[in-house]
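Q: File follows, model.csv with CSV, C-alpha atoms:
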```csv
chain,number,residue,atom,x,y,z
A,1,MET,CA,-14.6,-21.1,-7.4
A,2,THR,CA,-12.4,-22.5,-4.7
A,3,ASN,CA,-12.5,-21.8,-1.0
A,4,GLN,CA,-9.3,-19.8,-1.4
A,5,ASP,CA,-11.2,-17.5,-3.7
A,6,THR,CA,-13.4,-16.3,-1.0
A,7,LYS,CA,-10.6,-15.6,1.5
A,8,PRO,CA,-10.7,-11.9,2.1
A,9,MET,CA,-7.7,-9.6,2.1
A,10,ARG,CA,-7.1,-8.3,5.6
A,11,TRP,CA,-4.9,-5.8,7.4
A,12,GLY,CA,-1.9,-7.8,8.5
A,13,GLY,CA,-0.1,-5.5,10.8
A,14,TRP,CA,2.2,-2.5,10.3
A,15,GLY,CA,2.1,-1.6,6.6
A,16,CYS,CA,1.4,-5.2,5.5
A,17,VAL,CA,-1.2,-7.1,3.6
A,18,ASN,CA,-1.4,-10.8,3.6
A,19,GLU,CA,-0.3,-12.9,0.7
A,20,MET,CA,2.7,-10.7,-0.2
A,21,SER,CA,5.1,-12.0,-2.8
A,22,PRO,CA,8.6,-13.1,-1.5
A,23,MET,CA,10.1,-9.9,-2.9
A,24,GLU,CA,7.4,-7.7,-1.3
A,25,ARG,CA,7.9,-9.5,2.0
A,26,ARG,CA,11.7,-9.1,1.8
A,27,TRP,CA,11.6,-5.4,1.4
A,28,MET,CA,8.7,-4.9,3.9
A,29,THR,CA,10.6,-6.9,6.5
A,30,ARG,CA,13.7,-4.7,5.9
A,31,PHE,CA,11.5,-1.6,6.2
A,32,ASN,CA,10.0,-2.9,9.4
A,33,ILE,CA,13.4,-3.6,10.9
A,34,PHE,CA,14.8,-0.2,10.0
A,35,ALA,CA,11.7,1.6,11.1
A,36,LEU,CA,11.7,-0.1,14.5
A,37,ALA,CA,15.5,0.6,14.9
A,38,TRP,CA,14.8,4.2,14.0
A,39,ALA,CA,12.1,4.5,16.6
A,40,ILE,CA,14.2,2.9,19.3
A,41,THR,CA,17.4,4.9,18.6
A,42,SER,CA,15.4,8.1,18.2
A,43,VAL,CA,14.1,7.8,21.8
A,44,PHE,CA,17.6,7.0,23.2
A,45,ALA,CA,19.3,9.7,21.1
A,46,LYS,CA,16.8,12.3,22.3
A,47,LEU,CA,17.3,11.3,26.0
A,48,LEU,CA,21.1,11.2,25.7
A,49,LEU,CA,21.3,14.6,23.9
A,50,LYS,CA,18.7,16.2,26.2
A,51,GLU,CA,20.3,15.2,29.4
A,52,GLY,CA,23.8,16.0,28.2
A,53,ALA,CA,25.0,12.6,29.2
A,54,LEU,CA,27.6,12.6,26.5
A,55,ALA,CA,30.8,14.5,26.3
A,56,GLU,CA,30.6,17.4,23.9
A,57,GLY,CA,32.0,16.9,20.4
A,58,GLY,CA,31.8,14.2,17.8
A,59,LEU,CA,29.9,11.7,19.9
A,60,ASN,CA,26.9,14.0,20.1
A,61,LEU,CA,26.9,14.2,16.3
A,62,LEU,CA,27.2,10.5,16.0
A,63,VAL,CA,24.3,9.8,18.4
A,64,ALA,CA,22.1,12.3,16.4
A,65,ALA,CA,23.1,10.9,13.1
A,66,ILE,CA,22.3,7.2,13.8
A,67,PRO,CA,18.5,7.6,13.8
A,68,VAL,CA,18.6,9.8,10.7
A,69,LEU,CA,20.7,7.1,8.9
A,70,LEU,CA,18.2,4.4,10.0
A,71,LEU,CA,15.3,6.5,8.8
A,72,ALA,CA,16.9,7.0,5.4
A,73,LEU,CA,17.5,3.2,5.2
A,74,ALA,CA,13.8,2.7,6.1
A,75,VAL,CA,12.7,5.1,3.3
A,76,ILE,CA,15.0,3.4,0.8
A,77,ALA,CA,13.6,-0.1,1.8
A,78,PHE,CA,10.0,1.2,1.4
A,79,ALA,CA,10.8,2.7,-2.0
A,80,HIS,CA,12.1,-0.7,-3.1
A,81,PHE,CA,9.0,-2.3,-1.7
A,82,LEU,CA,6.8,0.0,-3.7
A,83,ARG,CA,8.8,-0.8,-6.8
A,84,VAL,CA,8.3,-4.5,-6.5
A,85,ALA,CA,4.8,-4.4,-5.1
A,86,ASP,CA,1.8,-5.8,-6.8
A,87,GLU,CA,-0.2,-3.0,-8.4
A,88,LEU,CA,-3.2,-3.3,-5.9
A,89,HIS,CA,-0.8,-3.4,-2.9
A,90,ARG,CA,1.0,-0.3,-4.3
A,91,LYS,CA,-2.4,1.5,-4.7
A,92,ILE,CA,-3.3,0.5,-1.1
A,93,HIS,CA,0.0,1.9,0.2
A,94,TYR,CA,-0.3,5.1,-1.8
A,95,GLU,CA,-3.8,5.8,-0.5
A,96,ALA,CA,-2.7,4.9,3.1
A,97,MET,CA,0.3,7.3,2.8
A,98,ALA,CA,-2.2,10.0,1.7
A,99,TRP,CA,-4.1,9.4,4.9
A,100,GLY,CA,-0.8,9.7,6.9
A,101,PHE,CA,0.2,12.9,5.1
A,102,ALA,CA,-3.2,14.4,5.7
A,103,ALA,CA,-3.1,13.5,9.4
A,104,GLY,CA,0.4,15.0,9.8
A,105,ALA,CA,-0.5,18.2,7.9
A,106,ILE,CA,-3.6,18.7,9.9
A,107,VAL,CA,-1.7,18.3,13.2
A,108,MET,CA,1.1,20.6,12.0
A,109,CYS,CA,-1.4,23.3,10.9
A,110,LEU,CA,-3.4,23.0,14.1
A,111,GLY,CA,-0.3,23.0,16.2
A,112,THR,CA,0.9,26.2,14.6
A,113,LEU,CA,-2.4,27.9,15.2
A,114,LEU,CA,-2.5,26.8,18.8
A,115,GLU,CA,1.0,28.0,19.3
A,116,SER,CA,-0.1,31.5,18.2
A,117,LEU,CA,-2.8,31.3,20.9
A,118,GLY,CA,-0.2,30.6,23.5
A,119,MET,CA,-0.2,26.8,23.7
A,120,PRO,CA,3.2,25.2,24.3
A,121,LYS,CA,5.4,24.7,21.2
A,122,ILE,CA,5.2,21.3,19.6
A,123,GLY,CA,8.2,20.0,17.7
A,124,SER,CA,8.0,19.3,14.0
A,125,ALA,CA,8.9,15.7,14.7
A,126,THR,CA,5.7,15.5,16.8
A,127,ALA,CA,3.7,15.6,13.5
A,128,LEU,CA,5.3,12.2,12.7
A,129,LEU,CA,3.2,10.4,15.3
A,130,PRO,CA,-0.2,11.4,13.8
A,131,ALA,CA,1.2,10.8,10.4
A,132,ILE,CA,2.2,7.2,11.3
A,133,PHE,CA,-1.1,6.7,13.0
A,134,GLY,CA,-3.0,8.1,10.0
A,135,TRP,CA,-1.0,5.8,7.7
A,136,SER,CA,-1.8,2.7,9.8
A,137,LEU,CA,-5.5,3.7,10.0
A,138,GLY,CA,-5.4,4.3,6.3
A,139,MET,CA,-4.0,0.8,5.7
A,140,PHE,CA,-6.8,-0.7,7.7
A,141,PHE,CA,-9.6,1.1,5.9
A,142,VAL,CA,-8.2,1.1,2.4
A,143,THR,CA,-7.4,-2.6,2.6
A,144,ARG,CA,-11.0,-3.2,3.7
A,145,ARG,CA,-12.3,-1.2,0.7
A,146,TYR,CA,-10.6,-3.5,-1.8
A,147,SER,CA,-11.4,-6.8,0.1
B,1,MET,CA,-15.9,-1.1,-15.0
B,2,LYS,CA,-17.7,-4.4,-15.6
B,3,ASN,CA,-15.7,-7.4,-16.6
B,4,ARG,CA,-16.1,-11.1,-17.6
B,5,LEU,CA,-13.1,-12.2,-15.7
B,6,ARG,CA,-14.9,-14.6,-13.4
B,7,ILE,CA,-16.8,-16.2,-16.3
B,8,LEU,CA,-13.6,-16.7,-18.3
B,9,ARG,CA,-11.8,-18.1,-15.4
B,10,ALA,CA,-14.7,-20.5,-14.5
B,11,GLU,CA,-14.7,-21.7,-18.1
B,12,ARG,CA,-11.2,-22.8,-17.7
B,13,ASN,CA,-11.8,-24.1,-14.2
B,14,TRP,CA,-9.1,-21.9,-12.7
B,15,SER,CA,-8.9,-20.6,-9.2
B,16,GLN,CA,-8.1,-16.9,-8.6
B,17,GLY,CA,-4.7,-18.1,-7.4
B,18,ASP,CA,-4.1,-19.9,-10.7
B,19,LEU,CA,-4.9,-16.8,-12.7
B,20,ALA,CA,-2.9,-14.6,-10.3
B,21,ARG,CA,0.2,-16.8,-10.8
B,22,GLU,CA,-0.3,-16.7,-14.6
B,23,ALA,CA,-0.7,-12.9,-14.6
B,24,ALA,CA,2.1,-12.4,-11.9
B,25,VAL,CA,-0.1,-10.4,-9.6
B,26,SER,CA,-1.6,-11.2,-6.2
B,27,ARG,CA,-4.8,-13.1,-5.7
B,28,GLN,CA,-6.3,-10.1,-4.0
B,29,THR,CA,-5.8,-8.1,-7.2
B,30,ILE,CA,-7.8,-10.7,-9.2
B,31,ASN,CA,-10.5,-10.8,-6.5
B,32,ALA,CA,-10.7,-7.0,-6.5
B,33,ILE,CA,-11.0,-6.8,-10.3
B,34,GLU,CA,-13.7,-9.5,-10.4
B,35,THR,CA,-15.8,-7.8,-7.7
B,36,GLY,CA,-15.4,-4.5,-9.5
B,37,LYS,CA,-13.6,-2.8,-6.7
B,38,TYR,CA,-10.4,-2.2,-8.6
B,39,ASP,CA,-9.8,-1.3,-12.3
B,40,PRO,CA,-6.5,-2.9,-13.5
B,41,SER,CA,-3.7,-1.0,-15.1
B,42,LEU,CA,-3.5,-1.1,-18.9
B,43,ALA,CA,-0.5,-3.4,-18.7
B,44,LEU,CA,-2.4,-5.9,-16.5
B,45,ALA,CA,-5.5,-5.7,-18.8
B,46,PHE,CA,-3.3,-6.6,-21.8
B,47,THR,CA,-1.8,-9.4,-19.8
B,48,LEU,CA,-5.2,-10.8,-18.9
B,49,ALA,CA,-6.3,-10.5,-22.5
B,50,ARG,CA,-3.3,-12.4,-23.6
B,51,ILE,CA,-3.8,-15.1,-21.0
B,52,PHE,CA,-7.4,-15.7,-22.2
B,53,GLY,CA,-6.5,-15.3,-25.9
B,54,THR,CA,-9.0,-12.5,-26.4
B,55,LYS,CA,-9.2,-8.7,-26.8
B,56,ILE,CA,-9.3,-6.3,-23.8
B,57,GLU,CA,-12.8,-5.2,-24.8
B,58,ASP,CA,-14.0,-8.8,-24.7
B,59,ILE,CA,-13.1,-8.9,-21.0
B,60,PHE,CA,-13.7,-5.3,-19.8
B,61,GLU,CA,-16.7,-3.1,-20.5
B,62,SER,CA,-17.2,0.5,-19.5
B,63,GLY,CA,-19.7,1.1,-16.8
B,64,ASP,CA,-21.5,3.6,-19.0
B,65,ALA,CA,-24.1,2.6,-21.6
B,66,ALA,CA,-22.7,0.1,-24.1
B,67,GLY,CA,-20.9,1.9,-27.0
B,68,GLN,CA,-21.3,5.3,-25.6
B,69,ASN,CA,-18.2,7.4,-25.2
B,70,PRO,CA,-18.3,9.1,-21.8
B,71,LEU,CA,-16.7,12.2,-23.3
B,72,ASP,CA,-19.7,12.5,-25.7
B,73,ARG,CA,-22.2,13.0,-22.8
B,74,THR,CA,-23.8,16.3,-22.6
B,75,ALA,CA,-24.2,17.9,-19.2
```
What does the file become when written as structure tokens?

A:
Amino acid sequence: MTNQDTKPMRWGGWGCVNEMSPMERRWMTRFNIFALAWAITSVFAKLLLKEGALAEGGLNLLVAAIPVLLLALAVIAFAHFLRVADELHRKIHYEAMAWGFAAGAIVMCLGTLLESLGMPKIGSATALLPAIFGWSLGMFFVTRRYS
Amino acid sequence: MKNRLRILRAERNWSQGDLAREAAVSRQTINAIETGKYDPSLALAFTLARIFGTKIEDIFESGDAAGQNPLDRTA
């Protein structure tokens, strides 16, 4: 057994495990870029549309469409990543996504219940934050399980 | 599921990385299989059997009592 054999798998950042193949790394990099661009443009789009800084018309639609387009590209990149991923990596990501889905679903259900009790309305997009957090947490714990 | 992957690999003096390259999977996958934390897909099990020139059942063994079909167990 070589020293390399004892090197544990570790959580290597947003949705990544170390020792990815070049193809996995390529699609994960694209996903990271699109996801980051989506997050940044979403914030700016929300601010611009909320404050009415833009003239009414097609520009508003364009500003609203850009984050959606970037999110779609991120989803496509992630789907490609899953297609080329090593079978253990794919399993880790599926389980981590289940964590994310569970976290998002819990927050959405809880939010709906709290709204009926008079709490301020939370937007459906707000459930994305716990979903992303749950996904990241899932990546950490699931990767540890298989290390 | 128990397996003899580590033994077979040691007999050939291969590292996990060597076997991973041969099987076109990650080293982590080989490590997780050897430590019993992950059961490989049927396709990977066939690939490993081909690499070692043996049958799947010579590498992998059910965690249940030898030869016992889990479906035959009574409650």

Q: Pick from B:Phe60, B:Gly53, B:Thr47, B:Asp39: nearest to chain A, with all atoms listed in the file counted?

A: B:Asp39

Q: With all atoms listed in the file as the counted atoms, please give the residues lying no more than 6 Å from range 135-146 of chain A, apart from itself and same-chain residues fewer than 2 positions off, as a compact mmCIF listing (two decimals) with C-alpha atoms, in the coordinates of the input.

A:
```txt
# COMPACT_ATOMS: atom_id res chain seq x y z
CA TRP A 11 -4.90 -5.80 7.40
CA ALA A 96 -2.70 4.90 3.10
CA MET A 97 0.30 7.30 2.80
CA TRP A 99 -4.10 9.40 4.90
CA GLY A 100 -0.80 9.70 6.90
CA ILE A 132 2.20 7.20 11.30
CA PHE A 133 -1.10 6.70 13.00
CA ALA B 32 -10.70 -7.00 -6.50
CA LYS B 37 -13.60 -2.80 -6.70
```

Q: Leu128 in chain A: which residues within 10 Å, counting all atoms listed in the file, same-chain residues fewer than 2 positions away excluded, as a ChimeraX atom specification?

A: /A:100-101,103-105,107-108,123-126,130-134

Q: Can you tell me how far CA of Ala77 in chain A sits from CA of Ala45 in chain A, in Å to one decimal?

A: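 CA of Ala45 in chain A lies at a distance of 22.4 Å from CA of Ala77 in chain A.
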
Q: For chain B, which residues have at least one atom within 7 Å of chain A, if we go by only C-alpha atoms? Write them as a PyMOL selection string, please.

A: chain B and resi 15-16+25-26+28-29+32+37-38

Q: To one decimal place in Å, what is the distance between CA of Arg50 in chain B and CA of Leu8 in chain B?

A: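 Going from CA of Arg50 in chain B over to CA of Leu8 in chain B, I get 12.4 Å.
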
Q: So that I can see what lies close to Glu57 in chain B, please list as number ranges by chain the residues with an atom at most 10 Å from it, counting all atoms listed in the file and leaving out residues fewer than 6 positions away in the same chain.

A: B: 3-4, 45, 49

Q: So how many Å separate CA of Leu71 in chain A and CA of Glu51 in chain A, to one decimal?

A: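 A separation of 22.9 Å between them.
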
Q: Under the rule that all atoms listed in the file are counted, which of A:Leu70, A:Val84, A:Leu59, A:Met119 is the nearest residue to Arg26 in chain A?

A: A:Val84

Q: When you look at range 28-43 of chain A with a cut-off of 12 Å (counting all atoms listed in the file), what residues show up, excluding the ones that are within fewer than 4 positions of it in the same chain? I need them as an MDAnalysis selection string.

A: chainID A and resid 12:18 20:24 47:50 62:85 89 93 125 128:129 132

Q: Given all atoms listed in the file as the basis, pick out the residue of B:Ala10, B:Ala24, B:Gly17, B:Leu5 nearest to Leu44 in chain B.

A: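 Using all atoms listed in the file, the shortest distance to Leu44 in chain B belongs to B:Ala24.
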